[in-house]
Every structure is written in C-alpha cells, then in structure tokens.
$ cat data-v4.cif   # mmCIF, C-alpha atoms and all ligand atoms
data_my_file
#
loop_
_atom_site.label_atom_id
_atom_site.label_comp_id
_atom_site.auth_asym_id
_atom_site.auth_seq_id
_atom_site.Cartn_x
_atom_site.Cartn_y
_atom_site.Cartn_z
CA MET A 1 -20.49 -2.61 17.69
CA ALA A 2 -18.59 -3.30 14.50
CA ILE A 3 -16.41 -6.29 13.74
CA ILE A 4 -12.75 -5.22 13.96
CA LEU A 5 -10.86 -6.10 10.79
CA ASP A 6 -7.56 -7.19 12.30
CA CYS A 7 -4.99 -6.47 9.62
CA SER A 8 -2.13 -8.05 11.56
CA ILE A 9 -3.87 -11.46 11.35
CA ALA A 10 -4.59 -11.06 7.62
CA ALA A 11 -1.02 -9.87 6.96
CA ALA A 12 0.48 -12.75 8.97
CA SER A 13 -1.45 -15.28 6.88
CA ILE A 14 -0.07 -13.69 3.67
CA ARG A 15 3.48 -13.78 5.08
CA THR A 16 3.05 -17.45 6.00
CA GLU A 17 1.91 -18.25 2.48
CA ILE A 18 4.91 -16.37 1.03
CA ALA A 19 7.35 -18.07 3.41
CA GLU A 20 6.00 -21.49 2.40
CA ALA A 21 6.33 -20.67 -1.32
CA VAL A 22 9.90 -19.41 -0.82
CA SER A 23 11.00 -22.42 1.18
CA LYS A 24 9.52 -24.78 -1.45
CA SER A 25 11.22 -22.91 -4.28
CA VAL A 26 14.60 -22.77 -2.50
CA ALA A 27 14.35 -26.52 -1.77
CA GLN A 28 14.01 -26.99 -5.55
CA GLY A 29 17.34 -25.17 -6.06
CA ASN A 30 16.08 -21.66 -6.87
CA ARG A 31 17.55 -18.59 -5.20
CA PRO A 32 15.33 -16.70 -2.72
CA PRO A 33 13.56 -13.54 -3.96
CA GLY A 34 15.71 -10.42 -3.51
CA LEU A 35 14.29 -7.09 -2.33
CA VAL A 36 16.33 -3.90 -1.95
CA ALA A 37 15.16 -0.79 -0.13
CA ILE A 38 16.98 2.48 -0.79
CA LEU A 39 17.03 4.92 2.09
CA VAL A 40 18.35 8.45 1.58
CA GLY A 41 19.11 10.59 4.63
CA GLU A 42 18.19 10.14 8.26
CA ASP A 43 14.41 10.73 8.41
CA GLY A 44 13.15 8.92 11.52
CA ALA A 45 9.81 7.69 10.13
CA SER A 46 11.49 6.45 6.93
CA GLN A 47 14.05 4.51 8.99
CA THR A 48 11.21 2.85 10.93
CA TYR A 49 9.30 1.92 7.75
CA VAL A 50 12.42 0.52 6.05
CA GLY A 51 13.35 -1.38 9.23
CA ALA A 52 9.89 -3.01 9.27
CA LYS A 53 10.26 -4.01 5.62
CA LYS A 54 13.70 -5.57 6.27
CA THR A 55 12.33 -7.53 9.25
CA ALA A 56 9.44 -8.80 7.09
CA CYS A 57 11.94 -9.89 4.39
CA ASP A 58 13.95 -11.89 6.93
CA GLU A 59 10.79 -13.52 8.27
CA VAL A 60 9.72 -14.91 4.89
CA GLY A 61 13.21 -15.97 3.75
CA PHE A 62 13.89 -13.23 1.19
CA ALA A 63 17.34 -11.82 0.58
CA GLY A 64 16.49 -8.34 1.89
CA ASP A 65 18.97 -5.49 1.73
CA VAL A 66 18.83 -1.84 2.81
CA ARG A 67 21.12 0.52 0.88
CA ARG A 68 21.65 3.75 2.80
CA PHE A 69 22.86 6.97 1.20
CA ALA A 70 23.69 10.34 2.70
CA ALA A 71 21.11 13.13 2.26
CA ASP A 72 23.52 15.00 -0.03
CA ILE A 73 23.73 12.22 -2.65
CA THR A 74 23.12 13.83 -6.04
CA GLU A 75 20.18 12.88 -8.24
CA THR A 76 22.60 11.57 -10.89
CA GLU A 77 24.35 9.34 -8.34
CA LEU A 78 21.06 7.97 -7.05
CA LEU A 79 19.81 7.25 -10.57
CA ALA A 80 23.08 5.38 -11.24
CA GLU A 81 22.49 3.23 -8.12
CA ILE A 82 18.98 2.44 -9.34
CA GLU A 83 20.32 1.45 -12.75
CA LYS A 84 22.80 -0.93 -11.07
CA ILE A 85 19.92 -2.62 -9.26
CA ASN A 86 17.84 -2.71 -12.46
CA GLN A 87 20.67 -4.69 -14.09
CA ASP A 88 21.25 -7.03 -11.12
CA GLU A 89 19.60 -10.37 -11.86
CA THR A 90 19.62 -11.41 -8.19
CA ILE A 91 17.28 -8.54 -7.24
CA ASP A 92 13.57 -8.84 -8.03
CA GLY A 93 12.16 -5.82 -6.22
CA LEU A 94 13.30 -2.27 -5.51
CA ILE A 95 11.72 0.25 -3.16
CA VAL A 96 12.95 3.81 -2.84
CA GLN A 97 11.65 5.09 0.49
CA LEU A 98 9.90 8.45 0.09
CA PRO A 99 10.13 11.34 0.80
CA LEU A 100 13.48 12.14 -0.83
CA PRO A 101 15.53 15.28 -0.16
CA LYS A 102 14.21 18.31 -2.08
CA HIS A 103 17.06 18.38 -4.64
CA ILE A 104 16.05 14.92 -5.96
CA SER A 105 13.02 14.51 -8.22
CA GLU A 106 10.78 11.76 -6.80
CA GLU A 107 9.11 11.51 -10.18
CA LYS A 108 12.41 10.90 -12.01
CA VAL A 109 13.47 8.32 -9.42
CA THR A 110 10.13 6.49 -9.53
CA GLN A 111 10.19 6.31 -13.32
CA ALA A 112 13.84 5.10 -13.34
CA ILE A 113 12.94 1.83 -11.61
CA LEU A 114 12.44 -1.06 -14.02
CA PRO A 115 8.63 -1.60 -14.09
CA ALA A 116 9.08 -5.35 -13.43
CA LYS A 117 11.03 -4.52 -10.21
CA ASP A 118 8.75 -1.66 -9.14
CA VAL A 119 7.14 -3.54 -6.25
CA ASP A 120 5.58 -0.34 -4.89
CA GLY A 121 3.59 -0.22 -8.15
CA PHE A 122 4.18 3.52 -8.70
CA HIS A 123 5.73 3.42 -12.20
CA ASP A 124 3.64 4.87 -15.05
CA ILE A 125 3.65 1.51 -16.86
CA ASN A 126 2.20 -0.23 -13.80
CA MET A 127 -0.33 2.56 -13.18
CA GLY A 128 -1.33 2.37 -16.86
CA LYS A 129 -1.81 -1.39 -16.70
CA LEU A 130 -3.86 -0.95 -13.53
CA ALA A 131 -6.09 1.58 -15.31
CA LYS A 132 -6.62 -0.91 -18.15
CA GLY A 133 -7.27 -3.85 -15.82
CA ASP A 134 -4.16 -5.60 -17.17
CA GLU A 135 -3.09 -8.11 -14.50
CA SER A 136 0.48 -8.33 -15.85
CA GLY A 137 1.36 -5.07 -14.07
CA VAL A 138 2.43 -4.61 -10.45
CA LYS A 139 -0.39 -3.37 -8.20
CA PRO A 140 0.32 -0.54 -5.73
CA ALA A 141 0.94 -2.20 -2.39
CA THR A 142 -1.53 -0.36 -0.14
CA PRO A 143 -4.65 -0.68 -2.33
CA TYR A 144 -3.65 -4.25 -3.24
CA GLY A 145 -3.36 -4.96 0.50
CA ILE A 146 -6.87 -3.63 1.06
CA THR A 147 -8.29 -5.98 -1.59
CA LEU A 148 -6.53 -8.90 0.14
CA LEU A 149 -7.86 -7.74 3.51
CA MET A 150 -11.39 -7.72 2.09
CA LYS A 151 -10.86 -11.21 0.66
CA HIS A 152 -9.56 -12.44 4.03
CA TYR A 153 -12.74 -11.23 5.76
CA GLY A 154 -15.10 -12.29 2.95
CA ILE A 155 -16.11 -8.72 2.07
CA ASP A 156 -17.33 -8.75 -1.53
CA ALA A 157 -17.23 -5.39 -3.33
CA SER A 158 -19.25 -6.58 -6.32
CA GLY A 159 -22.34 -4.42 -6.92
CA LYS A 160 -21.68 -2.35 -3.79
CA HIS A 161 -21.30 1.40 -3.63
CA VAL A 162 -17.73 2.19 -2.59
CA VAL A 163 -16.75 5.71 -1.59
CA VAL A 164 -13.02 6.43 -1.57
CA VAL A 165 -12.04 9.70 0.10
CA GLY A 166 -8.67 10.92 -1.26
CA ARG A 167 -7.37 10.76 -4.83
CA SER A 168 -3.59 10.41 -4.37
CA ASN A 169 -1.66 8.32 -6.88
CA ILE A 170 -0.47 5.92 -4.20
CA VAL A 171 -3.72 5.19 -2.37
CA GLY A 172 -7.05 6.75 -3.34
CA ARG A 173 -6.93 6.73 -7.13
CA PRO A 174 -5.48 3.20 -7.54
CA MET A 175 -7.94 1.98 -4.89
CA SER A 176 -10.81 3.33 -6.98
CA MET A 177 -9.39 1.62 -10.08
CA LEU A 178 -8.99 -1.76 -8.37
CA LEU A 179 -12.44 -1.79 -6.82
CA SER A 180 -14.14 -0.74 -10.06
CA ALA A 181 -12.19 -3.27 -12.19
CA ALA A 182 -13.98 -6.16 -13.86
CA ALA A 183 -12.17 -8.59 -11.55
CA PRO A 184 -13.03 -10.86 -8.61
CA TYR A 185 -11.92 -8.16 -6.13
CA GLY A 186 -13.74 -5.37 -8.03
CA ASN A 187 -17.05 -4.78 -9.80
CA ALA A 188 -18.06 -2.08 -7.33
CA THR A 189 -19.64 1.24 -8.25
CA VAL A 190 -17.02 3.68 -7.05
CA THR A 191 -17.24 7.35 -6.10
CA LEU A 192 -13.83 9.03 -5.74
CA CYS A 193 -13.88 12.08 -3.45
CA HIS A 194 -11.34 14.83 -2.78
CA SER A 195 -11.02 18.30 -1.30
CA ARG A 196 -13.40 19.82 -3.87
CA THR A 197 -16.18 17.27 -3.32
CA LYS A 198 -19.42 18.95 -2.27
CA ASP A 199 -21.48 17.54 0.61
CA LEU A 200 -18.82 14.96 1.44
CA GLY A 201 -20.75 13.72 4.48
CA GLU A 202 -23.81 13.07 2.33
CA VAL A 203 -21.72 11.12 -0.22
CA CYS A 204 -20.03 9.07 2.52
CA ARG A 205 -23.42 8.19 4.07
CA ARG A 206 -24.31 6.40 0.80
CA ALA A 207 -21.25 4.11 0.99
CA ASP A 208 -21.56 0.37 1.57
CA ILE A 209 -17.77 0.39 1.78
CA LEU A 210 -16.00 3.59 2.84
CA VAL A 211 -12.24 3.93 2.30
CA ALA A 212 -10.59 6.92 3.99
CA ALA A 213 -7.20 8.04 2.63
CA VAL A 214 -7.15 11.72 3.41
CA GLY A 215 -4.33 12.38 5.88
CA ARG A 216 -6.61 14.41 8.21
CA PRO A 217 -6.89 13.10 11.77
CA GLU A 218 -10.34 11.69 12.63
CA MET A 219 -12.07 13.76 9.92
CA ILE A 220 -14.69 11.09 9.19
CA THR A 221 -17.01 10.57 12.13
CA GLY A 222 -19.82 8.12 12.79
CA GLU A 223 -22.32 10.66 11.44
CA TRP A 224 -20.93 10.04 7.95
CA VAL A 225 -21.11 6.24 8.21
CA LYS A 226 -24.09 4.29 6.85
CA PRO A 227 -25.32 1.73 9.42
CA GLY A 228 -23.63 -1.62 8.74
CA ALA A 229 -21.06 -0.22 6.29
CA THR A 230 -17.48 -1.48 6.05
CA VAL A 231 -15.00 1.27 6.98
CA ILE A 232 -11.37 0.99 5.90
CA ASP A 233 -9.15 3.64 7.42
CA VAL A 234 -5.84 4.07 5.59
CA GLY A 235 -4.84 7.22 7.45
CA ILE A 236 -1.86 7.34 9.79
CA ASN A 237 -1.68 10.64 11.64
CA ARG A 238 0.46 11.58 14.63
CA ILE A 239 -1.37 13.93 16.98
CA GLU A 240 -0.74 15.22 20.47
CA ARG A 241 -3.42 14.40 23.02
CA ASP A 242 -3.23 14.69 26.80
CA GLY A 243 0.45 15.58 26.45
CA LYS A 244 1.23 12.37 24.57
CA VAL A 245 1.88 11.63 20.89
CA LYS A 246 -0.84 9.34 19.58
CA LEU A 247 -1.45 7.58 16.25
CA VAL A 248 -4.94 8.08 14.83
CA GLY A 249 -6.56 7.40 11.49
CA ASP A 250 -8.63 9.59 9.18
CA VAL A 251 -11.73 8.09 10.82
CA HIS A 252 -12.94 8.87 14.33
CA PHE A 253 -12.81 5.26 15.47
CA GLU A 254 -15.19 5.23 18.46
CA SER A 255 -18.12 6.97 16.75
CA ALA A 256 -17.61 5.16 13.42
CA ALA A 257 -17.38 1.75 15.11
CA ARG A 258 -20.81 2.30 16.68
CA LYS A 259 -22.37 2.62 13.20
CA ALA A 260 -20.20 0.39 10.99
CA GLY A 261 -20.61 -3.33 10.40
CA ALA A 262 -16.84 -3.77 10.17
CA ILE A 263 -13.93 -1.38 10.64
CA THR A 264 -10.12 -1.30 10.58
CA PRO A 265 -8.48 0.17 13.69
CA VAL A 266 -5.55 2.62 13.82
CA PRO A 267 -2.97 1.65 14.97
CA GLY A 268 -3.18 -1.97 13.82
CA GLY A 269 -4.64 -0.80 10.53
CA VAL A 270 -3.72 -1.44 6.94
CA GLY A 271 0.04 -0.75 7.40
CA PRO A 272 0.98 -4.45 7.83
CA MET A 273 -1.04 -5.28 4.69
CA THR A 274 1.05 -2.79 2.70
CA ILE A 275 4.27 -4.50 3.78
CA ALA A 276 2.84 -7.99 3.15
CA CYS A 277 1.89 -6.88 -0.38
CA LEU A 278 5.37 -5.51 -1.06
CA LEU A 279 6.59 -9.02 -0.29
CA ALA A 280 3.84 -10.56 -2.43
CA ASN A 281 4.76 -8.28 -5.36
CA THR A 282 8.44 -9.25 -4.96
CA LEU A 283 7.65 -12.96 -4.94
CA THR A 284 5.49 -12.52 -8.06
CA ALA A 285 8.29 -10.53 -9.76
CA CYS A 286 10.74 -13.34 -8.93
CA CYS A 287 8.38 -16.00 -10.31
CA ARG A 288 7.86 -13.98 -13.49
CA ALA A 289 11.62 -13.44 -13.95
CA HIS A 290 12.26 -17.19 -13.69
CA ASN A 291 9.13 -18.46 -15.44
CA LEU A 292 7.95 -20.14 -12.24
CA PRO A 293 4.22 -20.51 -11.47
CA GLU A 294 2.86 -17.51 -9.56
CA PRO A 295 1.42 -18.19 -6.09
CA LYS A 296 -2.36 -18.38 -6.47
CA GLY A 297 -3.44 -17.47 -2.94
CA LEU A 298 -2.03 -13.97 -3.26
CA THR A 299 -4.59 -12.88 -5.82
CA ALA A 300 -7.48 -10.96 -4.32
P1 LIG A 401 -2.20 12.73 0.07
O1 LIG A 401 -1.95 13.92 0.92
O2 LIG A 401 -1.31 12.49 -1.10
O3 LIG A 401 -3.70 12.81 -0.49
C1 LIG A 401 -4.76 13.18 0.34
C2 LIG A 401 -6.03 13.23 -0.46
O4 LIG A 401 -7.08 13.61 0.44
C3 LIG A 401 -6.04 14.24 -1.59
O5 LIG A 401 -6.62 13.68 -2.73
C4 LIG A 401 -6.87 15.40 -1.05
O6 LIG A 401 -7.65 16.06 -2.02
C5 LIG A 401 -7.82 14.67 -0.12
N1 LIG A 401 -8.27 15.59 0.93
C6 LIG A 401 -7.54 16.35 1.76
N2 LIG A 401 -8.34 17.06 2.58
C7 LIG A 401 -9.59 16.73 2.27
C8 LIG A 401 -10.86 17.12 2.75
N3 LIG A 401 -10.98 18.00 3.75
N4 LIG A 401 -11.95 16.59 2.19
C9 LIG A 401 -11.86 15.69 1.20
N5 LIG A 401 -10.68 15.26 0.70
C10 LIG A 401 -9.58 15.79 1.22
O7 LIG A 401 -2.24 11.49 1.06
P2 LIG A 401 -1.96 9.91 0.79
O8 LIG A 401 -2.97 9.36 -0.12
O9 LIG A 401 -0.54 9.71 0.51
O10 LIG A 401 -2.21 9.35 2.26
C11 LIG A 401 -3.47 9.44 2.90
C12 LIG A 401 -3.33 8.90 4.30
O11 LIG A 401 -2.98 7.53 4.24
C13 LIG A 401 -2.24 9.55 5.15
O12 LIG A 401 -2.67 9.62 6.48
C14 LIG A 401 -1.07 8.61 5.02
O13 LIG A 401 -0.19 8.68 6.13
C15 LIG A 401 -1.78 7.29 4.96
N6 LIG A 401 -1.05 6.21 4.28
C16 LIG A 401 -1.05 4.98 4.88
C17 LIG A 401 -0.44 3.91 4.27
C18 LIG A 401 -0.49 2.58 4.95
O14 LIG A 401 0.22 1.69 4.55
N7 LIG A 401 -1.33 2.41 5.94
C19 LIG A 401 0.25 4.04 2.99
C20 LIG A 401 0.12 5.35 2.40
C21 LIG A 401 -0.51 6.39 3.05
P3 LIG A 401 -7.02 16.94 -3.22
O15 LIG A 401 -6.50 15.95 -4.22
O16 LIG A 401 -8.17 17.71 -3.73
O17 LIG A 401 -5.94 17.77 -2.61
#
$ encode --input "data-v4.cif" --output "structure tokens" --more "lines below"
Ligand code: NDP
Amino acid sequence: MAIILDCSIAAASIRTEIAEAVSKSVAQGNRPPGLVAILVGEDGASQTYVGAKKTACDEVGFAGDVRRFAADITETELLAEIEKINQDETIDGLIVQLPLPKHISEEKVTQAILPAKDVDGFHDINMGKLAKGDESGVKPATPYGITLLMKHYGIDASGKHVVVVGRSNIVGRPMSMLLSAAAPYGNATVTLCHSRTKDLGEVCRRADILVAAVGRPEMITGEWVKPGATVIDVGINRIERDGKVKLVGDVHFESAARKAGAITPVPGGVGPMTIACLLANTLTACCRAHNLPEPKGLTA
C-alpha cells in the first residue's frame, strides 16, 4: 500500500513558517502583508473557497479582506475596483475568485491585476516568466504547492519521467513548466497529456510521477499506474454515490493506492497547498515591495 502524502500536514508547516516570518517582521515595525479577495455574486463553492482563504489569512497574521460585489456589477466597475487595489500600497496580493458572471471577461480581469500583486500567478507576465524559468515572477499557486509538497516528502523530480494529464493554464501547463525547469524542484522529463493524447493509459504507465488535473472523476485507475510511482491527484469532483454527494479526485484512489509508492488522497488533497501558496506568494510580494529578505524555506 502506498504512502499517503498528507497535504494538510505539509500545508500547516508552510503556514507556520509564514506566521513566524510575519510576526518577526511586524515586531520590527513593518505592517503585516495585505491580501484582498474579490468575490462577485453568490456562488456557493466560491464563497467556501474565499472563506477558507480569509481564515488562512487570519491564522498567519495577514490583513485579509474579502470585497463582495453583486452579480450585476459591470465589467468597467469591477476593473475600476481592481485599479484601486493596484494603487493601494497596503495591499500586496489580489485574488479575483473565478468563475465570474458571463458578462465579465475573466481574461480582461486577470490581466488588469498588477503582476506583482497577482498572487494566483495567472497574469501573462507571470506565465511568461514561468516559461522562461525567471524566478522573479509569481508562480501559479496550485503547481507551486505541488512542488512544495514534493519537497516536504523528499520526492525529487530530477531525471524522472513525469506525466501530467491536463493542459489548463492554471494547473497542467504551469505544472509541466515547473517540473521541467532547470531548478531544484524541476529537471524532470515531462510529458503533457490532454484529450487528444493517444494511448493515454500506456503513457501514464511510463510515469515515475503522475499528476492528474483532468476534472473527470476517478478516470485514472490503478491499471494506469506504474508500480511504485508517485501519484498526485489535483482533481476535485463532486459526484453522487449511494444517494450522497461525495468528493473524489481524477484518480480512482483505492486501485491506484495499491500500485503507487505514494499518493495524495481526495479529499485532503492538494487544496490546502494551493491556499498555503497563495499566502506564500503574498508574503513574497510584500517582501519584494519593501525590499525585505524573502523567506527561504518557501522555495521548492
Ligand atoms: P480544465 O477543465 O481547465 O482542464 C482539464 C484538462 O484535462 C484539459 O487540458 C483537457 O484536455 C484534459 N482532459 C479532459 N478530458 C480528458 C481525457 N478524457 N483525457 C485526457 N485529458 C483530458 O481543468 P483544471 O485544470 O482547471 O482543473 C482540473 C481539476 O483540478 C479539476 O477537477 C479541478 O476542480 C481541480 N483543481 C483543483 C485545485 C486544487 O487546489 N486542488 C485547483 C484547480 C483545479 P483539452 O485541453 O484537450 O480539452
């Protein structure tokens, strides 16, 4: 049976490190890092995610703020709110919770955030820096969290064959860029798969490290897992089973765990790492804005 990669333990250790850095900096007379989350409309899942981010901010001593707007806010009004935050020197990080109502362009909103405050790491400037291996950019929180999870458990990607299933701009593609980078957390040989990949099972069976970011419940079964491989399941899918709503990943946990050497569970998967890395990105943004030394332990 595989080792369970407990992301809540890894995330808690990152939050502790951040809290210690904040308390030291505040004791030296600096203001705490400021993180604002914008929430548009009443979507239930978005409210839960934003609530979890606010709780995490409070826990580490950040000045966290949720700005709520009605679903009928215009795109122009929302862009003006973002510009206000861009100009506000007390705010280091800004997250706009997606999805947005249909009449607002997510692309325009994402690109309106100042790259230095884009702690989700979605801005073109940050994606471009990631592609070039330029560490001065902000790394997308979920893939960054996975590299920190691997570091926490001593999983070295160097020289390994990594298969990433899913090529979205927020998970799969940046994950492939990070793990193939010439960096301590990278140096892997990466295969990036998607819906047009032929013989996906065959490709997955060649993975030393398999990252699933597909959004299809339990699509990857133990048959696709190489014995002893590390399996990282990013998927969060709500399904109905035995009359109850259940959270499952993109990996069929029971069968994959029988083959894998190590595996992340769902629930309890990489979600807490994503939030911890939003905090880490905000702390780094604050240090950069004030020319303070960046915390070393948060590099993968
Ligand atoms: P997207 O829907 O944006 O992307 C899914 C990707 O999977 C696409 O590249 C798609 O290929 C590929 N795909 C879909 N079906 C298949 C298939 N049958 N075979 C091979 N590839 C396929 O999803 P996200 O990347 O945004 O999210 C993926 C999962 O991760 C979701 O379950 C989401 O909820 C979860 N998630 C979890 C986070 C966390 O913090 N834990 C954060 C973000 C996401 P193509 O490009 O060809 O269409």
$ residues_near_ligand --input "data-v4.cif" --ligand "ligand LIG 401 (chain A)" --cutoff "9 Å" --atoms "all atoms listed in the file" --output "tab-separated table (two decimals) with C-alpha atoms, in the frame of the given file"
chain	number	residue	atom	x	y	z
A	141	ALA	CA	0.94	-2.20	-2.39
A	142	THR	CA	-1.53	-0.36	-0.14
A	143	PRO	CA	-4.65	-0.68	-2.33
A	145	GLY	CA	-3.36	-4.96	0.50
A	165	VAL	CA	-12.04	9.70	0.10
A	166	GLY	CA	-8.67	10.92	-1.26
A	167	ARG	CA	-7.37	10.76	-4.83
A	168	SER	CA	-3.59	10.41	-4.37
A	169	ASN	CA	-1.66	8.32	-6.88
A	170	ILE	CA	-0.47	5.92	-4.20
A	171	VAL	CA	-3.72	5.19	-2.37
A	172	GLY	CA	-7.05	6.75	-3.34
A	173	ARG	CA	-6.93	6.73	-7.13
A	193	CYS	CA	-13.88	12.08	-3.45
A	194	HIS	CA	-11.34	14.83	-2.78
A	195	SER	CA	-11.02	18.30	-1.30
A	196	ARG	CA	-13.40	19.82	-3.87
A	197	THR	CA	-16.18	17.27	-3.32
A	198	LYS	CA	-19.42	18.95	-2.27
A	200	LEU	CA	-18.82	14.96	1.44
A	212	ALA	CA	-10.59	6.92	3.99
A	213	ALA	CA	-7.20	8.04	2.63
A	214	VAL	CA	-7.15	11.72	3.41
A	215	GLY	CA	-4.33	12.38	5.88
A	216	ARG	CA	-6.61	14.41	8.21
A	217	PRO	CA	-6.89	13.10	11.77
A	219	MET	CA	-12.07	13.76	9.92
A	233	ASP	CA	-9.15	3.64	7.42
A	234	VAL	CA	-5.84	4.07	5.59
A	235	GLY	CA	-4.84	7.22	7.45
A	236	ILE	CA	-1.86	7.34	9.79
A	237	ASN	CA	-1.68	10.64	11.64
A	238	ARG	CA	0.46	11.58	14.63
A	248	VAL	CA	-4.94	8.08	14.83
A	249	GLY	CA	-6.56	7.40	11.49
A	250	ASP	CA	-8.63	9.59	9.18
A	266	VAL	CA	-5.55	2.62	13.82
A	269	GLY	CA	-4.64	-0.80	10.53
A	270	VAL	CA	-3.72	-1.44	6.94
A	271	GLY	CA	0.04	-0.75	7.40
A	272	PRO	CA	0.98	-4.45	7.83
A	273	MET	CA	-1.04	-5.28	4.69
A	274	THR	CA	1.05	-2.79	2.70
A	275	ILE	CA	4.27	-4.50	3.78
$ residues_near_point --input "data-v4.cif" --point "(11.3, -17.6, -8.4)" --cutoff "10 Å" --atoms "only C-alpha atoms" --output "number ranges by chain"
A: 21-22, 25-26, 29-34, 92, 282-294
$ atom_distance --input "data-v4.cif" --atom1 "CA of Phe62 (chain A)" --atom2 "CA of Glu107 (chain A)"
27.6 Å
$ closest_residue --input "data-v4.cif" --among "A:Ile146, A:Ala276, A:Leu210, A:Val245" --to "Gly261 (chain A)" --atoms "only C-alpha atoms"
A:Leu210
$ closest_residue --input "data-v4.cif" --among "A:Ala19, A:Val119, A:Leu5, A:Val60" --to "Ala260 (chain A)" --atoms "only C-alpha atoms"
A:Leu5
$ atom_distance --input "data-v4.cif" --atom1 "CA of Pro184 (chain A)" --atom2 "CA of Ala11 (chain A)"
19.7 Å
$ closest_residue --input "data-v4.cif" --among "A:Leu247, A:Ile14, A:Leu130, A:Ala262" --to "Lys296 (chain A)" --atoms "all atoms listed in the file"
A:Ile14
$ closest_residue --input "data-v4.cif" --among "A:Pro227, A:Gly154, A:Pro174, A:Gly297" --to "Val211 (chain A)" --atoms "all atoms listed in the file"
A:Pro174
$ atom_distance --input "data-v4.cif" --atom1 "CA of Glu135 (chain A)" --atom2 "CA of Arg206 (chain A)"
29.9 Å
$ residues_around --input "data-v4.cif" --residues "Ala207 (chain A)" --least-positions-apart "2" --cutoff "9 Å" --atoms "all atoms listed in the file" --output "count of residues only"
15
$ axis_aligned_box --input "data-v4.cif" --around "region 207-222 of chain A" --padding-each-side "5 Å" --output "JSON"
{"center_x": -12.9, "center_y": 7.4, "center_z": 6.9, "size_x": 27.2, "size_y": 24.0, "size_z": 21.8}
$ closest_residue --input "data-v4.cif" --among "A:Ser255, A:Thr55, A:Thr74, A:Thr110" --to "Met1 (chain A)" --atoms "all atoms listed in the file"
A:Ser255
$ closest_residue --input "data-v4.cif" --among "A:Lys24, A:Arg15, A:Lys244, A:Lys259" --to "Asn281 (chain A)" --atoms "only C-alpha atoms"
A:Arg15
$ residues_around --input "data-v4.cif" --residues "Gly64 (chain A)" --least-positions-apart "5" --cutoff "6 Å" --atoms "all atoms listed in the file" --output "PyMOL selection string"
chain A and resi 34-36+54+57
$ residues_around --input "data-v4.cif" --residues "Ile4 (chain A)" --least-positions-apart "6" --cutoff "8 Å" --atoms "only C-alpha atoms" --output "VMD selection string"
chain A and resid 262 to 265
$ residues_around --input "data-v4.cif" --residues "Asp124 (chain A)" --least-positions-apart "2" --cutoff "12 Å" --atoms "only C-alpha atoms" --output "MDAnalysis selection string"
chainID A and resid 107:116 118 120:122 126:131 137:140 169:170 174
$ residues_near_point --input "data-v4.cif" --point "(11.0, 10.2, -2.7)" --cutoff "12 Å" --atoms "all atoms listed in the file" --output "PyMOL selection string"
chain A and resi 38-41+43+46+71+75+78+95-111+122
$ residues_around --input "data-v4.cif" --residues "Leu298 (chain A)" --least-positions-apart "2" --cutoff "9 Å" --atoms "only C-alpha atoms" --output "PDB file with C-alpha atoms, in the frame of the given file"
ATOM      1  CA  ILE A  14      -0.070 -13.690   3.670  1.00  0.00           C
ATOM      2  CA  GLU A  17       1.910 -18.250   2.480  1.00  0.00           C
ATOM      3  CA  ILE A  18       4.910 -16.370   1.030  1.00  0.00           C
ATOM      4  CA  LEU A 148      -6.530  -8.900   0.140  1.00  0.00           C
ATOM      5  CA  CYS A 277       1.890  -6.880  -0.380  1.00  0.00           C
ATOM      6  CA  ALA A 280       3.840 -10.560  -2.430  1.00  0.00           C
ATOM      7  CA  GLU A 294       2.860 -17.510  -9.560  1.00  0.00           C
ATOM      8  CA  PRO A 295       1.420 -18.190  -6.090  1.00  0.00           C
ATOM      9  CA  LYS A 296      -2.360 -18.380  -6.470  1.00  0.00           C
ATOM     10  CA  ALA A 300      -7.480 -10.960  -4.320  1.00  0.00           C
TER      11      ALA A 300
END
